[in-house]
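S.K.: My structure is in target_5.cif, and what it holds is mmCIF, C-alpha atoms (C1' of nucleotides):
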```
data_protein
#
loop_
_atom_site.group_PDB
_atom_site.id
_atom_site.type_symbol
_atom_site.label_atom_id
_atom_site.label_comp_id
_atom_site.auth_asym_id
_atom_site.auth_seq_id
_atom_site.Cartn_x
_atom_site.Cartn_y
_atom_site.Cartn_z
ATOM 1 C CA MET G 1 -4.653 -1.580 0.151
ATOM 2 C CA PRO G 2 -3.379 1.160 2.346
ATOM 3 C CA GLU G 3 -2.363 4.158 0.280
ATOM 4 C CA LEU G 4 -1.919 7.758 1.330
ATOM 5 C CA PRO G 5 -5.504 8.378 2.569
ATOM 6 C CA GLU G 6 -5.590 5.148 4.552
ATOM 7 C CA VAL G 7 -2.202 5.842 6.139
ATOM 8 C CA GLU G 8 -3.182 9.441 6.895
ATOM 9 C CA THR G 9 -6.326 8.132 8.589
ATOM 10 C CA TYR G 10 -4.242 5.757 10.686
ATOM 11 C CA VAL G 11 -1.890 8.525 11.821
ATOM 12 C CA ARG G 12 -4.791 10.810 12.766
ATOM 13 C CA ASP G 13 -6.489 7.991 14.664
ATOM 14 C CA LEU G 14 -3.284 6.933 16.424
ATOM 15 C CA GLU G 15 -2.304 10.341 17.761
ATOM 16 C CA PRO G 16 -4.994 10.691 20.458
ATOM 17 C CA GLU G 17 -4.491 7.067 21.511
ATOM 18 C CA LEU G 18 -0.715 7.080 21.707
ATOM 19 C CA SER G 19 0.341 10.640 22.429
ATOM 20 C CA GLY G 20 2.335 10.717 25.675
ATOM 21 C CA ARG G 21 2.229 6.943 26.122
ATOM 22 C CA SER G 22 5.444 5.044 26.759
ATOM 23 C CA VAL G 23 6.383 1.588 25.563
ATOM 24 C CA ILE G 24 7.370 -0.592 28.504
ATOM 25 C CA GLY G 25 7.939 -3.813 26.596
ATOM 26 C CA ALA G 26 7.565 -5.484 23.232
ATOM 27 C CA SER G 27 7.604 -8.821 21.475
ATOM 28 C CA VAL G 28 8.105 -9.860 17.880
ATOM 29 C CA GLN G 29 6.551 -13.042 16.503
ATOM 30 C CA TRP G 30 7.694 -12.755 12.865
ATOM 31 C CA ASP G 31 11.240 -11.428 12.720
ATOM 32 C CA ARG G 32 11.152 -10.184 9.139
ATOM 33 C CA THR G 33 8.506 -7.628 10.049
ATOM 34 C CA ILE G 34 11.306 -5.611 11.676
ATOM 35 C CA ALA G 35 13.247 -4.115 8.791
ATOM 36 C CA ALA G 36 15.781 -2.356 11.039
ATOM 37 C CA PRO G 37 17.524 -2.625 13.419
ATOM 38 C CA SER G 38 17.882 -6.296 14.414
ATOM 39 C CA VAL G 39 14.961 -7.700 16.384
ATOM 40 C CA GLY G 40 17.068 -7.802 19.533
ATOM 41 C CA GLU G 41 18.078 -4.186 19.223
ATOM 42 C CA PHE G 42 14.520 -3.142 18.329
ATOM 43 C CA LEU G 43 13.179 -4.736 21.515
ATOM 44 C CA ALA G 44 15.905 -3.250 23.676
ATOM 45 C CA ARG G 45 15.721 0.229 22.229
ATOM 46 C CA ILE G 46 11.980 0.802 22.021
ATOM 47 C CA ALA G 47 11.369 0.057 25.707
ATOM 48 C CA GLY G 48 11.345 3.281 27.700
ATOM 49 C CA GLN G 49 10.512 5.548 24.766
ATOM 50 C CA ARG G 50 7.406 7.745 24.670
ATOM 51 C CA PHE G 51 5.315 8.658 21.610
ATOM 52 C CA VAL G 52 5.330 12.412 21.014
ATOM 53 C CA ASP G 53 5.135 13.175 17.267
ATOM 54 C CA PHE G 54 2.778 11.862 14.615
ATOM 55 C CA ASP G 55 3.405 12.318 10.929
ATOM 56 C CA ARG G 56 3.161 10.651 7.544
ATOM 57 C CA ARG G 57 5.390 10.615 4.488
ATOM 58 C CA GLY G 58 3.974 8.883 1.422
ATOM 59 C CA LYS G 59 2.607 5.591 2.738
ATOM 60 C CA TYR G 60 4.912 5.574 5.767
ATOM 61 C CA MET G 61 3.629 6.355 9.262
ATOM 62 C CA LEU G 62 6.173 8.256 11.336
ATOM 63 C CA LEU G 63 5.739 7.928 15.090
ATOM 64 C CA GLY G 64 8.306 10.144 16.775
ATOM 65 C CA MET G 65 9.464 9.160 20.246
ATOM 66 C CA GLU G 66 11.468 10.654 23.102
ATOM 67 C CA ARG G 67 13.443 9.082 25.918
ATOM 68 C CA ASP G 68 13.856 10.804 29.309
ATOM 69 C CA GLY G 69 12.758 14.095 27.797
ATOM 70 C CA ASN G 70 15.343 13.890 25.038
ATOM 71 C CA ARG G 71 14.732 13.200 21.406
ATOM 72 C CA GLY G 72 14.460 9.486 20.775
ATOM 73 C CA ASP G 73 13.907 7.264 17.776
ATOM 74 C CA THR G 74 11.189 7.279 15.155
ATOM 75 C CA LEU G 75 9.024 4.185 14.803
ATOM 76 C CA ILE G 76 8.230 3.908 11.100
ATOM 77 C CA ILE G 77 5.396 1.644 9.973
ATOM 78 C CA HIS G 78 4.606 0.691 6.387
ATOM 79 C CA LEU G 79 1.432 -1.388 6.055
ATOM 80 C CA ARG G 80 2.116 -2.500 2.465
ATOM 81 C CA MET G 81 -0.841 -4.689 1.462
ATOM 82 C CA THR G 82 -2.545 -6.059 4.524
ATOM 83 C CA GLY G 83 -0.968 -4.428 7.555
ATOM 84 C CA GLU G 84 -3.174 -3.304 10.436
ATOM 85 C CA VAL G 85 -2.539 -1.553 13.739
ATOM 86 C CA HIS G 86 -4.846 -2.001 16.721
ATOM 87 C CA ILE G 87 -4.728 -0.937 20.356
ATOM 88 C CA TYR G 88 -6.534 -3.051 22.913
ATOM 89 C CA PRO G 89 -6.998 -3.216 26.674
ATOM 90 C CA LEU G 90 -5.116 -6.208 28.070
ATOM 91 C CA ASP G 91 -8.029 -8.649 28.271
ATOM 92 C CA GLU G 92 -9.106 -7.896 24.732
ATOM 93 C CA ALA G 93 -5.519 -8.000 23.458
ATOM 94 C CA ILE G 94 -5.167 -11.559 24.722
ATOM 95 C CA LYS G 95 -8.311 -12.547 22.824
ATOM 96 C CA MET G 96 -7.397 -10.706 19.620
ATOM 97 C CA LYS G 97 -3.789 -11.863 19.297
ATOM 98 C CA ASP G 98 -3.681 -14.421 16.497
ATOM 99 C CA LYS G 99 -1.295 -16.004 14.031
ATOM 100 C CA HIS G 100 -1.212 -12.803 11.982
ATOM 101 C CA THR G 101 -0.127 -10.636 14.935
ATOM 102 C CA HIS G 102 3.595 -10.128 14.356
ATOM 103 C CA VAL G 103 4.572 -7.341 16.769
ATOM 104 C CA VAL G 104 3.135 -6.382 20.156
ATOM 105 C CA LEU G 105 4.057 -3.172 22.013
ATOM 106 C CA ILE G 106 3.060 -3.000 25.669
ATOM 107 C CA LEU G 107 2.071 0.520 26.704
ATOM 108 C CA ASP G 108 2.466 2.102 30.128
ATOM 109 C CA ASP G 109 -1.320 2.279 30.596
ATOM 110 C CA GLY G 110 -1.589 -1.492 30.233
ATOM 111 C CA ARG G 111 -2.948 -1.507 26.713
ATOM 112 C CA HIS G 112 -1.279 -3.463 23.931
ATOM 113 C CA MET G 113 -0.611 -2.170 20.435
ATOM 114 C CA HIS G 114 -0.692 -4.930 17.817
ATOM 115 C CA TYR G 115 0.869 -4.908 14.383
ATOM 116 C CA ARG G 116 -1.095 -7.496 12.422
ATOM 117 C CA ASP G 117 -0.447 -8.458 8.813
ATOM 118 C CA GLN G 118 -2.014 -11.360 6.958
ATOM 119 C CA ARG G 119 0.525 -11.378 4.144
ATOM 120 C CA LYS G 120 3.588 -10.295 6.112
ATOM 121 C CA PHE G 121 4.629 -7.681 3.536
ATOM 122 C CA GLY G 122 4.506 -4.748 5.956
ATOM 123 C CA ARG G 123 7.600 -3.507 7.765
ATOM 124 C CA LEU G 124 8.565 -1.599 10.917
ATOM 125 C CA TRP G 125 11.756 0.407 11.428
ATOM 126 C CA LEU G 126 13.124 1.992 14.587
ATOM 127 C CA VAL G 127 15.629 4.614 13.500
ATOM 128 C CA ASP G 128 17.178 7.767 14.899
ATOM 129 C CA ASP G 129 16.942 9.414 11.480
ATOM 130 C CA PRO G 130 13.909 8.636 9.282
ATOM 131 C CA ALA G 131 15.606 10.232 6.278
ATOM 132 C CA GLN G 132 17.524 7.053 5.557
ATOM 133 C CA VAL G 133 14.288 5.110 5.096
ATOM 134 C CA LEU G 134 12.486 7.862 3.185
ATOM 135 C CA ALA G 135 15.353 8.940 0.952
ATOM 136 C CA ARG G 136 13.897 7.763 -2.337
ATOM 137 C CA LEU G 137 10.446 9.274 -1.969
ATOM 138 C CA GLY G 138 9.246 11.938 -4.363
ATOM 139 C CA PRO G 139 7.153 14.945 -3.350
ATOM 140 C CA GLU G 140 4.064 14.795 -1.176
ATOM 141 C CA PRO G 141 1.124 15.082 -3.576
ATOM 142 C CA LEU G 142 -0.819 17.321 -1.188
ATOM 143 C CA GLY G 143 2.174 19.568 -0.507
ATOM 144 C CA GLU G 144 3.594 22.541 -2.368
ATOM 145 C CA GLY G 145 6.506 20.486 -3.647
ATOM 146 C CA PHE G 146 4.293 18.665 -6.158
ATOM 147 C CA THR G 147 4.424 21.049 -9.105
ATOM 148 C CA VAL G 148 3.751 20.859 -12.829
ATOM 149 C CA ASP G 149 7.383 21.686 -13.561
ATOM 150 C CA GLY G 150 8.717 19.011 -11.242
ATOM 151 C CA PHE G 151 6.190 16.443 -12.455
ATOM 152 C CA ALA G 152 6.993 17.249 -16.092
ATOM 153 C CA HIS G 153 10.692 16.865 -15.360
ATOM 154 C CA SER G 154 10.133 13.471 -13.724
ATOM 155 C CA LEU G 155 8.069 12.236 -16.683
ATOM 156 C CA ALA G 156 10.215 13.606 -19.482
ATOM 157 C CA LYS G 157 11.829 10.823 -21.524
ATOM 158 C CA ARG G 158 9.705 8.238 -19.739
ATOM 159 C CA THR G 159 8.379 5.701 -22.191
ATOM 160 C CA ALA G 160 6.518 3.688 -19.559
ATOM 161 C CA ALA G 161 2.751 3.921 -19.072
ATOM 162 C CA ILE G 162 1.586 6.787 -16.857
ATOM 163 C CA LYS G 163 -0.354 4.309 -14.724
ATOM 164 C CA GLY G 164 2.851 2.563 -13.733
ATOM 165 C CA LEU G 165 4.713 5.833 -13.255
ATOM 166 C CA LEU G 166 2.067 7.029 -10.785
ATOM 167 C CA LEU G 167 2.826 3.954 -8.689
ATOM 168 C CA ASN G 168 6.531 4.857 -8.641
ATOM 169 C CA GLN G 169 7.017 6.402 -5.209
ATOM 170 C CA SER G 170 10.060 8.395 -6.299
ATOM 171 C CA ILE G 171 7.919 10.382 -8.761
ATOM 172 C CA VAL G 172 5.111 11.143 -6.326
ATOM 173 C CA ALA G 173 4.757 9.619 -2.856
ATOM 174 C CA GLY G 174 1.614 7.925 -1.623
ATOM 175 C CA VAL G 175 -0.394 7.044 -4.729
ATOM 176 C CA GLY G 176 -1.270 3.352 -5.081
ATOM 177 C CA ASN G 177 -3.388 1.309 -7.426
ATOM 178 C CA ILE G 178 -6.794 2.590 -6.337
ATOM 179 C CA TYR G 179 -6.033 6.301 -6.369
ATOM 180 C CA ALA G 180 -3.949 6.049 -9.563
ATOM 181 C CA ASP G 181 -6.918 4.597 -11.464
ATOM 182 C CA GLU G 182 -9.342 7.092 -9.951
ATOM 183 C CA ALA G 183 -7.067 10.071 -10.671
ATOM 184 C CA LEU G 184 -6.496 9.034 -14.298
ATOM 185 C CA PHE G 185 -10.241 8.691 -14.787
ATOM 186 C CA LEU G 186 -10.905 12.093 -13.255
ATOM 187 C CA ALA G 187 -8.219 13.619 -15.479
ATOM 188 C CA SER G 188 -9.567 11.790 -18.590
ATOM 189 C CA ILE G 189 -6.141 10.298 -19.297
ATOM 190 C CA HIS G 190 -5.723 6.773 -20.651
ATOM 191 C CA PRO G 191 -3.590 4.629 -18.312
ATOM 192 C CA LEU G 192 -1.378 3.445 -21.187
ATOM 193 C CA ARG G 193 -0.305 6.932 -22.270
ATOM 194 C CA SER G 194 3.464 7.209 -21.966
ATOM 195 C CA GLY G 195 4.799 9.580 -19.344
ATOM 196 C CA SER G 196 6.601 11.753 -21.871
ATOM 197 C CA SER G 197 3.519 12.102 -24.083
ATOM 198 C CA LEU G 198 1.527 14.063 -21.523
ATOM 199 C CA LYS G 199 1.077 17.723 -22.403
ATOM 200 C CA PRO G 200 1.327 20.513 -19.811
ATOM 201 C CA ALA G 201 -2.439 20.926 -19.644
ATOM 202 C CA GLU G 202 -2.821 17.210 -19.009
ATOM 203 C CA LEU G 203 -0.148 17.233 -16.316
ATOM 204 C CA ASP G 204 -1.951 20.116 -14.693
ATOM 205 C CA ARG G 205 -5.224 18.188 -14.798
ATOM 206 C CA LEU G 206 -3.563 15.030 -13.483
ATOM 207 C CA ILE G 207 -1.968 16.812 -10.528
ATOM 208 C CA GLU G 208 -5.291 18.400 -9.644
ATOM 209 C CA SER G 209 -7.071 15.041 -10.028
ATOM 210 C CA ILE G 210 -4.555 13.265 -7.802
ATOM 211 C CA ARG G 211 -5.117 15.895 -5.134
ATOM 212 C CA VAL G 212 -8.894 15.710 -5.423
ATOM 213 C CA VAL G 213 -9.095 11.925 -5.098
ATOM 214 C CA LEU G 214 -6.575 11.810 -2.249
ATOM 215 C CA MET G 215 -8.312 14.589 -0.302
ATOM 216 C CA ARG G 216 -11.700 12.983 -0.799
ATOM 217 C CA GLY G 217 -10.185 9.644 0.218
ATOM 218 C CA ILE G 218 -8.962 11.211 3.458
ATOM 219 C CA GLU G 219 -12.367 12.796 4.076
ATOM 220 C CA MET G 220 -13.963 9.379 3.679
ATOM 221 C CA LYS G 221 -11.326 7.756 5.940
ATOM 222 C CA GLY G 222 -9.910 5.650 3.127
ATOM 223 C CA SER G 223 -11.124 2.838 0.878
ATOM 224 C CA SER G 224 -12.034 -0.503 2.451
ATOM 225 C CA LEU G 225 -12.050 -3.335 -0.072
ATOM 226 C CA GLN G 226 -10.984 -6.716 1.285
ATOM 227 C CA ASN G 227 -8.342 -5.846 3.828
ATOM 228 C CA TYR G 228 -8.059 -2.263 5.009
ATOM 229 C CA ILE G 229 -9.673 -1.517 8.343
ATOM 230 C CA ARG G 230 -9.009 1.390 10.641
ATOM 231 C CA LEU G 231 -7.413 1.475 14.073
ATOM 232 C CA ASP G 232 -10.793 0.992 15.724
ATOM 233 C CA GLY G 233 -11.833 -1.786 13.341
ATOM 234 C CA MET G 234 -14.183 0.447 11.346
ATOM 235 C CA LYS G 235 -14.091 0.609 7.550
ATOM 236 C CA GLY G 236 -13.375 3.592 5.355
ATOM 237 C CA ASN G 237 -16.052 4.669 2.906
ATOM 238 C CA PHE G 238 -14.286 5.942 -0.205
ATOM 239 C CA GLN G 239 -14.839 2.648 -2.030
ATOM 240 C CA GLU G 240 -18.461 3.713 -2.417
ATOM 241 C CA GLU G 241 -17.283 6.626 -4.536
ATOM 242 C CA HIS G 242 -14.897 4.726 -6.784
ATOM 243 C CA LYS G 243 -15.662 5.615 -10.391
ATOM 244 C CA VAL G 244 -13.601 2.906 -12.094
ATOM 245 C CA PHE G 245 -11.592 0.883 -9.579
ATOM 246 C CA ARG G 246 -12.958 -2.691 -9.451
ATOM 247 C CA ARG G 247 -15.952 -1.621 -11.516
ATOM 248 C CA THR G 248 -15.055 -3.817 -14.494
ATOM 249 C CA GLY G 249 -18.079 -4.395 -16.746
ATOM 250 C CA GLN G 250 -20.186 -1.757 -15.023
ATOM 251 C CA PRO G 251 -21.265 1.398 -16.844
ATOM 252 C CA CYS G 252 -19.073 4.477 -16.684
ATOM 253 C CA ILE G 253 -20.822 7.038 -14.504
ATOM 254 C CA THR G 254 -20.142 9.723 -17.100
ATOM 255 C CA CYS G 255 -20.931 8.080 -20.463
ATOM 256 C CA GLY G 256 -22.292 4.617 -19.766
ATOM 257 C CA THR G 257 -19.532 2.746 -21.614
ATOM 258 C CA LEU G 258 -18.565 -0.405 -19.723
ATOM 259 C CA VAL G 259 -15.482 0.003 -17.551
ATOM 260 C CA GLU G 260 -12.579 -2.157 -18.756
ATOM 261 C CA ARG G 261 -9.833 -3.946 -16.873
ATOM 262 C CA ILE G 262 -6.340 -4.358 -18.278
ATOM 263 C CA VAL G 263 -2.997 -5.221 -16.691
ATOM 264 C CA VAL G 264 -0.361 -2.483 -16.680
ATOM 265 C CA THR G 265 3.039 -3.110 -15.070
ATOM 266 C CA GLN G 266 1.676 -6.170 -13.275
ATOM 267 C CA ARG G 267 -1.193 -4.190 -11.801
ATOM 268 C CA SER G 268 -4.853 -4.491 -12.607
ATOM 269 C CA THR G 269 -5.995 -1.230 -14.121
ATOM 270 C CA HIS G 270 -9.535 0.023 -14.572
ATOM 271 C CA PHE G 271 -10.621 2.725 -16.992
ATOM 272 C CA CYS G 272 -13.349 3.992 -19.284
ATOM 273 C CA PRO G 273 -12.281 3.476 -22.913
ATOM 274 C CA THR G 274 -14.536 6.340 -24.048
ATOM 275 C CA CYS G 275 -13.686 8.993 -21.457
ATOM 276 C CA GLN G 276 -9.976 8.129 -21.279
ATOM 277 C CA VAL G 277 -8.652 8.156 -24.819
ATOM 278 C CA MET G 278 -5.093 7.476 -26.012
ATOM 279 C CA LYS G 279 -5.094 10.497 -28.404
ATOM 280 C "C1'" DA S 1 18.707 5.677 -16.266
ATOM 281 C "C1'" DC S 2 14.980 3.107 -17.314
ATOM 282 C "C1'" DC S 3 11.929 -0.869 -17.932
ATOM 283 C "C1'" DG S 4 9.710 -5.208 -17.101
ATOM 284 C "C1'" DG S 5 9.424 -9.364 -14.543
ATOM 285 C "C1'" DA S 6 10.261 -12.381 -10.346
ATOM 286 C "C1'" DG S 7 9.719 -12.778 -5.615
ATOM 287 C "C1'" DC S 8 7.898 -11.969 -1.125
ATOM 288 C "C1'" DC S 9 3.185 -13.826 1.499
ATOM 289 C "C1'" DT S 10 -1.606 -15.893 2.499
ATOM 290 C "C1'" DG S 11 -6.597 -15.927 2.011
ATOM 291 C "C1'" DT S 12 -10.176 -15.900 -1.341
ATOM 292 C "C1'" DT S 13 -12.137 -16.882 -5.648
ATOM 293 C "C1'" DA S 14 -12.410 -18.903 -10.344
ATOM 294 C "C1'" DG S 15 -12.283 -22.828 -13.022
ATOM 295 C "C1'" DC S 16 -11.822 -27.605 -14.167
ATOM 296 C "C1'" DT V 1 -17.650 -31.389 -4.185
ATOM 297 C "C1'" DG V 2 -12.589 -31.006 -4.183
ATOM 298 C "C1'" DC V 3 -8.599 -29.712 -5.958
ATOM 299 C "C1'" DT V 4 -5.369 -26.418 -8.146
ATOM 300 C "C1'" DA V 5 -4.321 -22.038 -10.251
ATOM 301 C "C1'" DA V 6 -5.000 -17.372 -10.468
ATOM 302 C "C1'" DC V 7 -5.537 -13.215 -8.181
ATOM 303 C "C1'" DA V 8 -5.067 -9.372 -4.880
ATOM 304 C "C1'" DG V 9 -1.128 -5.129 -5.027
ATOM 305 C "C1'" DG V 10 2.740 -2.924 -1.653
ATOM 306 C "C1'" DC V 11 7.754 -2.773 -2.696
ATOM 307 C "C1'" DT V 12 12.729 -4.464 -3.717
ATOM 308 C "C1'" DC V 13 15.829 -6.721 -6.479
ATOM 309 C "C1'" DC V 14 17.706 -8.250 -10.776
ATOM 310 C "C1'" DG V 15 18.843 -8.664 -15.698
ATOM 311 C "C1'" DG V 16 18.618 -6.514 -20.181
#
```
Would you put the structure from the file into structure tokens?

M.R.:
Amino acid sequence: MPELPEVETYVRDLEPELSGRSVIGASVQWDRTIAAPSVGEFLARIAGQRFVDFDRRGKYMLLGMERDGNRGDTLIIHLRMTGEVHIYPLDEAIKMKDKHTHVVLILDDGRHMHYRDQRKFGRLWLVDDPAQVLARLGPEPLGEGFTVDGFAHSLAKRTAAIKGLLLNQSIVAGVGNIYADEALFLASIHPLRSGSSLKPAELDRLIESIRVVLMRGIEMKGSSLQNYIRLDGMKGNFQEEHKVFRRTGQPCITCGTLVERIVVTQRSTHFCPTCQVMK
DNA sequence: ACCGGAGCCTGTTAGC
DNA sequence: TGCTAACAGGCTCCGG
């Protein structure tokens, strides 16, 4: 489940592999993977562009390119649920290409970059201005723009459960199901509390908790449950530090109460009913 | 504006 | 054992 730490790990791993490399050709096996432009235009435009900038916004990877020394397009990749990116030497690429490999970029050093996605939810964009794709995203949780005042404003009058609101990318960008559950546990906030019910001290605690779990997630190179693997095929390690996520029926590490699982806004949600009270 | 639910996908697991 | 149904959770779209 790639969320902010997993995507950040991908961007950091991609930079040394791709920086300065040009795309000399491409193929698309599942058209819907390309969100924009059309597949034909994507193939025509990406050839001849060179990777120069590497960034992330929320769960989007931003791979900035240039053409003939001039500013080019940005290749945006969103992994959604099961997306993976791999770079292989030619002989290995031929062996590794399978029915889940939906996009192949051929690099000028002969290696192939694969976009692979079991469930086909992930998307790629090739755009001259990333802003159009990223327009609805809220602040970066690890940046200065994520403030108590702004967070309070976003949650005011919100009757929905805080768990669901944390998954809303226009409120804060990059938090997904794993890190939402872990942050709420760390902040001792019940996932069903309404957004508007949270007091300033709780918002403060929640912001800090979101930052702590995301930073630790990045340090551990992400959480590998069933699907997420890194560029080089290695797993992340943060799953070993999960306090509540997928720990249903196991004792809370703080108080020993058994961790419960409920469904909130169509998402499985894990929490300690003793440490995270409704108040 | 906000909220909840359907739909997109496929592999794995639970249950009959 | 073999089948089907439920589940996994990223996001967009739609109706109320």

S.K.: Once the PyMOL selection byres ((chain S and resi 4-13) around 7) has been evaluated on this model, what residues remain selected, and can you format them as an mmCIF file with C-alpha atoms (C1' of nucleotides), keeping the file's coordinate frame?

M.R.:
```cif
data_model
loop_
_atom_site.group_PDB
_atom_site.id
_atom_site.type_symbol
_atom_site.label_atom_id
_atom_site.label_comp_id
_atom_site.auth_asym_id
_atom_site.auth_seq_id
_atom_site.Cartn_x
_atom_site.Cartn_y
_atom_site.Cartn_z
ATOM 1 C CA GLN G 118 -2.014 -11.360 6.958
ATOM 2 C CA ARG G 119 0.525 -11.378 4.144
ATOM 3 C CA LYS G 120 3.588 -10.295 6.112
ATOM 4 C CA PHE G 121 4.629 -7.681 3.536
ATOM 5 C "C1'" DC S 3 11.929 -0.869 -17.932
ATOM 6 C "C1'" DA S 14 -12.410 -18.903 -10.344
#
```

S.K.: Got a sec: who's within 7 Å of region 250-259 of chain G, counting all atoms listed in the file, leaving out chain neighbours fewer than 5 positions off, as a PyMOL selection string?

M.R.: chain G and resi 243-244+270-272+274

S.K.: Using the chain letters and residue numbers of this document, give as a short mmCIF file (atom, residue, chain, number, x, y, z; two decimals) with C-alpha atoms (C1' of nucleotides), keeping the file's coordinate frame the residues selected by the PyMOL selection byres ((chain G and resi 123) around 12).

M.R.:
```cif
data_model
loop_
_atom_site.label_atom_id
_atom_site.label_comp_id
_atom_site.auth_asym_id
_atom_site.auth_seq_id
_atom_site.Cartn_x
_atom_site.Cartn_y
_atom_site.Cartn_z
CA VAL G 28 8.10 -9.86 17.88
CA TRP G 30 7.69 -12.76 12.86
CA ASP G 31 11.24 -11.43 12.72
CA ARG G 32 11.15 -10.18 9.14
CA THR G 33 8.51 -7.63 10.05
CA ILE G 34 11.31 -5.61 11.68
CA ALA G 35 13.25 -4.12 8.79
CA ALA G 36 15.78 -2.36 11.04
CA PRO G 37 17.52 -2.62 13.42
CA LYS G 59 2.61 5.59 2.74
CA TYR G 60 4.91 5.57 5.77
CA MET G 61 3.63 6.36 9.26
CA LEU G 75 9.02 4.18 14.80
CA ILE G 76 8.23 3.91 11.10
CA ILE G 77 5.40 1.64 9.97
CA HIS G 78 4.61 0.69 6.39
CA LEU G 79 1.43 -1.39 6.06
CA ARG G 80 2.12 -2.50 2.46
CA MET G 81 -0.84 -4.69 1.46
CA THR G 82 -2.54 -6.06 4.52
CA GLY G 83 -0.97 -4.43 7.56
CA GLU G 84 -3.17 -3.30 10.44
CA VAL G 85 -2.54 -1.55 13.74
CA HIS G 102 3.60 -10.13 14.36
CA VAL G 103 4.57 -7.34 16.77
CA TYR G 115 0.87 -4.91 14.38
CA ARG G 116 -1.10 -7.50 12.42
CA ASP G 117 -0.45 -8.46 8.81
CA ARG G 119 0.52 -11.38 4.14
CA LYS G 120 3.59 -10.30 6.11
CA PHE G 121 4.63 -7.68 3.54
CA GLY G 122 4.51 -4.75 5.96
CA LEU G 124 8.56 -1.60 10.92
CA TRP G 125 11.76 0.41 11.43
CA LEU G 126 13.12 1.99 14.59
CA VAL G 133 14.29 5.11 5.10
"C1'" DG V 10 2.74 -2.92 -1.65
"C1'" DC V 11 7.75 -2.77 -2.70
#
```

S.K.: Could you tell me which residues the PyMOL selection byres ((chain G and resi 6-22) around 7) grabs in this file, written as a PyMOL selection string?

M.R.: chain G and resi 2-5+23-24+48-52+54-56+59+61+107-108+218+221-222+230-231

S.K.: Kindly give the distance, in Å, that separates CA of Val213 (chain G) and CA of Glu182 (chain G), rounded to a single decimal.

M.R.: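 Pair CA of Val213 (chain G) / CA of Glu182 (chain G) returns 6.9 Å.
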
S.K.: Could you check the closest approach to DG9 (chain V) for each of G:Lys163, G:Lys279, G:Arg267, G:His114 and tell me which residue wins, using all atoms listed in the file?

M.R.: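 For DG9 (chain V), the nearest of the given residues is G:Arg267.
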
S.K.: How many Å separate CA of Glu144 (chain G) from CA of Ala201 (chain G)?

M.R.: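 Answer for the CA of Glu144 (chain G) to CA of Ala201 (chain G) separation: 18.4 Å.
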
S.K.: In Å, how far is it from CA of Thr265 (chain G) to CA of Asn168 (chain G)?

M.R.: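 Between these atoms lies a distance of 10.8 Å.
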
S.K.: Show me the residues close to (20.8, -4.8, -19.5) - anything with an atom within 12 Å, counting only C-alpha atoms (C1' of nucleotides) - and format the list as a PDB file with C-alpha atoms (C1' of nucleotides), in the coordinates of the input.

M.R.:
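In the end it all went to selection.pdb:
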```
ATOM      1  C1'  DA S   1      18.707   5.677 -16.266  1.00  0.00           C
ATOM      2  C1'  DC S   2      14.980   3.107 -17.314  1.00  0.00           C
ATOM      3  C1'  DC S   3      11.929  -0.869 -17.932  1.00  0.00           C
ATOM      4  C1'  DG S   4       9.710  -5.208 -17.101  1.00  0.00           C
TER       5       DG S   4
ATOM      6  C1'  DC V  14      17.706  -8.250 -10.776  1.00  0.00           C
ATOM      7  C1'  DG V  15      18.843  -8.664 -15.698  1.00  0.00           C
ATOM      8  C1'  DG V  16      18.618  -6.514 -20.181  1.00  0.00           C
TER       9       DG V  16
END
```

S.K.: Between G:Gln29, G:Asn177, G:Ser268, G:Thr159, which residue has the minimum interatomic distance to chain S, considering all atoms listed in the file?

M.R.: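 Ranked by minimum distance to chain S, first place goes to G:Thr159.
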
S.K.: Mind checking which residues fall within 9 Å of region 202-205 of chain G, counting only C-alpha atoms (C1' of nucleotides), ignoring those fewer than 6 positions away in the same chain, and posting them as a ChimeraX atom specification?

M.R.: /G:147-148,151-152,186-189

S.K.: Which one is closest to chain V: G:Leu225, G:Val172, G:Leu142, G:Ala26? Count only C-alpha atoms (C1' of nucleotides).

M.R.: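 Smallest separation from chain V among the options: G:Leu225.
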
S.K.: Identify which of the residues G:Val264, G:Ile162, G:Ala93, G:Met113 lies closest to chain V, counting all atoms listed in the file when measuring atom-to-atom distances.

M.R.: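 For chain V, the nearest of the given residues is G:Val264.
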